[in-house]
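A.B. asks: The structure that follows is given in the form of C-alpha cells.
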Amino acid sequence: MAPLPYRVTETQEEAPGVVTISISPLGTAIPAHRHGQFNMLTAFGLGESAISLSGSGPEGKLVHTVRDVGPVTSALCGARPGDVVGVRGPFGTGWGVEDGSFLEEGDVVVVAGGIGLAPLRGAISALVARRSAALEARTRSGNVCLVIGAREPQQLIFGDDLARWAAGGARVTVTVDIPDARWRGGVGLVTSHLGAAGFEVEGATALICGPEIMMRFTARGLVDAGVAPERIRVALERNMQCGLAWCGHCQLGPLLVCRDGPVVPYTDVVADLLVQRER
Amino acid sequence: MKAISIGELLSSHPLLSGLPAADIETVAGCARNVIIKPGDMLLAEGQRADSLYLVRYGIVSIEIHSPGVGSIVIDTVGPGGVVGWSWLFPPYRYHFDARAVEVVRAVAFDATCLRDKAETDEQLGHLLYKRVAEVLLERLQMTRVRLLDLYGSKSVR
C-alpha cells in the first residue's frame, strides 16, 4: 500500500512544537475518514508516522495536528506550503459520533489532555453541530461537555475552536497545570474538574484522549461517578507502522491497535491493558 | 417559590450527600449560605482556620503569596469541591489563600461548631471524618499525578 502524494496547502503553529498542516491530494485521494481515525504520513526520505486526523475539507483536503517529537514529526512540523508529503489511510476505529445516537441517549462528556484534543476536534464539531440542529428541530439532545487540559495556557491548542464550541452551546471547562498571571480558568488535572463539567451521569457517553495515565485516572473517575464503562471510549497510542494489522508493532495484549483501535471502549480488558507492564 | 433549606443544600453536596437526615440536620446548625464576590478572599494563609466552605457554584483559586512575585495559583476548586481543610487538625491555621475567581455560592461551616459536634457525636464524627478522608485521598492522588508533568516534552500526546 503505497503512500499517495499530497501537497501542503497551509500550516499553522498551534503551540510551541505543535503545528497543524492542511494537505490536498495531487491526484487520487484516500477514502473518506471517520472522526478519530488516523493516517500514516510520510516525510519523504525520513519515514512514516501515525498521525490522527484533526479535520478535513472539500476536494479531499485533510488536516493533521502534529507534535514535534522525532525526525519524521519534526519534518512534518517544518513543512511549508507547496511541500509534498505521502498519505496512507485512513486506519483504525473512530469515536462513533457519526450516527448521532450518543446525544439522543444523554450527555456527551469529552475529556482531552494536551495534543489529545486533536483526534477529538472533528468529533466535537460534529457533536456541537448535531446538538444545535436537534435544538432547532425541537428534538431531544443531550449536552456536549468538554474538559480540556494542558500544561500551560500557551500550550492550549485550537483556541478559536474552543470559543466556537462554547458559542455553539457546549459547556467548556479548561484547566492548566501551571497558570500564568493572566490565566482565569481552572488549575489542576482534568480529573479534578469532571464534577464541574455539568453532565448528567445517566445515559452519558465519554470520549477521552490524552496521555495514558490521564486517561486511566479519568476513566476510573467517570466510572466511580456512575458512567457505564461500556459508554466510555479511550484512544490508545502505540507504535503503529503498517497500519494494516500485519507487522504486530502496535500489539497490546489481544489488540492490534492500528486495526482494533485507536478508539476502544473502556472494557475490563482495556482497563487491565492500560496498567499492563511491558516486558 | 420555596426557599431551599441549608439541609437541602448540604444533602446535595458530594461531601455530605447520602448522610442520614438526622446527621445533616445536626451539622446544618453550624452552616450558613454565603455568596462571595469575584476577587474577595474566602480565607488567608496564617489566619485562624475557623471556616470550611462547600462550593456550590463558581470557581475558587487556591493561592500562595511569594514576595516579589505575587499570588501564585496552585489549584482551583469548582462546584462540588471543598475549601479550607485546616479546620481539621491543630494548630487550626490556613496554609494557603483562597479567592473567588467569579461569583461563588457556598455553604460555610463554623469550624469550631462542626468539630464540637463531630467529637460529641462519635458516630457522626466517624462518618464525617471518613468522608473528609476520601476527598483528601482523591486530592492527594491528583496532586501526585500532576507531579508527573503528563503533558511535558516527553509526552507524544
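Chain labels run A, B, ... following the order of the C-alpha cells; each chain numbers its residues from 1, and ligands are numbered from 1 in the order shown.
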According to DSSP computed on the backbone, where in region 37-224 of chain A is there strand (DSSP E)? Give the residues as an NGL selection string.
C.D. replies: :A and (38-43 or 47-56 or 62-67 or 84-91 or 108-113 or 144-150 or 171-176 or 186-187 or 205-209)
A.B. asks: Give the residues of chain A that lie within 10 Å of chain B; count only C-alpha atoms, and format the answer as a ChimeraX atom specification.
C.D. replies: /A:17,66-70,112-118,149-152,155,175-181,183-198,209-214,217,221,237
A.B. asks: So how many Å separate CA of Val270 (chain A) and CA of Trp95 (chain A), to one decimal?
C.D. replies: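 The value is 15.6 Å.
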A.B. asks: CA of Cys247 (chain A) to CA of Arg259 (chain A): how many Å, to one decimal?
C.D. replies: 11.3 Å
A.B. asks: When DSSP works through the backbone of this structure, what residues of region 13-147 of chain B end up as alpha helix (DSSP H), shown as a PDB file with C-alpha atoms, in the first residue's frame?
C.D. replies:
ATOM      1  CA  ALA B  21     -31.140  13.152  57.547  1.00  0.00           C
ATOM      2  CA  ALA B  22     -30.596  13.422  61.314  1.00  0.00           C
ATOM      3  CA  ASP B  23     -26.858  13.945  60.804  1.00  0.00           C
ATOM      4  CA  ILE B  24     -27.482  16.540  58.108  1.00  0.00           C
ATOM      5  CA  GLU B  25     -29.804  18.333  60.487  1.00  0.00           C
ATOM      6  CA  THR B  26     -27.150  18.245  63.221  1.00  0.00           C
ATOM      7  CA  VAL B  27     -24.381  19.747  61.082  1.00  0.00           C
ATOM      8  CA  ALA B  28     -26.783  22.221  59.432  1.00  0.00           C
ATOM      9  CA  ALA B 111     -15.327  25.015  62.096  1.00  0.00           C
ATOM     10  CA  THR B 112     -15.374  25.067  65.902  1.00  0.00           C
ATOM     11  CA  CYS B 113     -19.077  24.204  65.948  1.00  0.00           C
ATOM     12  CA  LEU B 114     -18.530  21.370  63.437  1.00  0.00           C
ATOM     13  CA  ARG B 115     -15.583  19.950  65.407  1.00  0.00           C
ATOM     14  CA  ASP B 116     -17.566  20.075  68.646  1.00  0.00           C
ATOM     15  CA  LYS B 117     -20.481  18.195  67.077  1.00  0.00           C
ATOM     16  CA  ALA B 118     -18.172  15.612  65.481  1.00  0.00           C
ATOM     17  CA  GLU B 119     -16.487  14.997  68.830  1.00  0.00           C
ATOM     18  CA  THR B 120     -19.713  14.913  70.851  1.00  0.00           C
ATOM     19  CA  GLU B 122     -18.877   9.848  67.734  1.00  0.00           C
ATOM     20  CA  GLN B 123     -20.942   8.149  65.035  1.00  0.00           C
ATOM     21  CA  LEU B 124     -21.397  11.432  63.190  1.00  0.00           C
ATOM     22  CA  GLY B 125     -17.723  12.245  63.726  1.00  0.00           C
ATOM     23  CA  HIS B 126     -16.698   8.898  62.234  1.00  0.00           C
ATOM     24  CA  LEU B 127     -18.903   9.414  59.171  1.00  0.00           C
ATOM     25  CA  LEU B 128     -17.722  12.983  58.701  1.00  0.00           C
ATOM     26  CA  TYR B 129     -14.016  12.246  59.039  1.00  0.00           C
ATOM     27  CA  LYS B 130     -14.395   9.253  56.706  1.00  0.00           C
ATOM     28  CA  ARG B 131     -15.944  11.476  54.030  1.00  0.00           C
ATOM     29  CA  VAL B 132     -13.246  14.075  54.529  1.00  0.00           C
ATOM     30  CA  ALA B 133     -10.532  11.387  54.275  1.00  0.00           C
ATOM     31  CA  GLU B 134     -11.985  10.184  50.940  1.00  0.00           C
ATOM     32  CA  VAL B 135     -11.833  13.675  49.477  1.00  0.00           C
ATOM     33  CA  LEU B 136      -8.349  14.284  50.853  1.00  0.00           C
ATOM     34  CA  LEU B 137      -7.145  10.978  49.368  1.00  0.00           C
ATOM     35  CA  GLU B 138      -8.515  11.946  45.973  1.00  0.00           C
ATOM     36  CA  ARG B 139      -6.832  15.354  46.216  1.00  0.00           C
ATOM     37  CA  LEU B 140      -3.533  13.719  47.202  1.00  0.00           C
ATOM     38  CA  GLN B 141      -3.726  11.303  44.264  1.00  0.00           C
ATOM     39  CA  MET B 142      -4.458  14.114  41.812  1.00  0.00           C
ATOM     40  CA  THR B 143      -1.545  16.125  43.206  1.00  0.00           C
ATOM     41  CA  ARG B 144       0.780  13.154  42.780  1.00  0.00           C
ATOM     42  CA  VAL B 145      -0.354  12.639  39.183  1.00  0.00           C
ATOM     43  CA  ARG B 146       0.230  16.324  38.487  1.00  0.00           C
TER      44      ARG B 146
END
A.B. asks: For Ile208 (chain A), list every protein, DNA or RNA residue within 8 Å, evaluated using only C-alpha atoms, and leave out those in the same chain fewer than 5 positions away; present the list as JSON, numbers by chain.
C.D. replies: {"A": [110, 111, 112, 215, 218, 219, 232, 233, 234, 235]}
A.B. asks: Mind pulling up the distance from CA of Thr93 (chain A) to CA of Ala32 (chain A)?
C.D. replies: 13.0 Å
A.B. asks: So, with only C-alpha atoms as the atoms that count, which of B:Lys37, B:His13, B:Arg48, B:Lys2 lies closest to Phe89 (chain B)?
C.D. replies: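 Under the stated criterion, the closest residue is B:Arg48.
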A.B. asks: Looking at B:Asn33, B:Ser11, B:Ser17, B:Ser51, which one is nearest to Trp85 (chain B), with distances taken over only C-alpha atoms?
C.D. replies: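 Selected residue with least distance to Trp85 (chain B): B:Ser51.
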A.B. asks: May I have the residues within 8 Å of Arg7 (chain A) as a list in words, using only C-alpha atoms and disregarding those fewer than 6 positions away in the same chain?
C.D. replies: Ile23, Ser24, Pro25, Leu26, Pro81, Gly82, Asp83, Val84 and Val85 of chain A
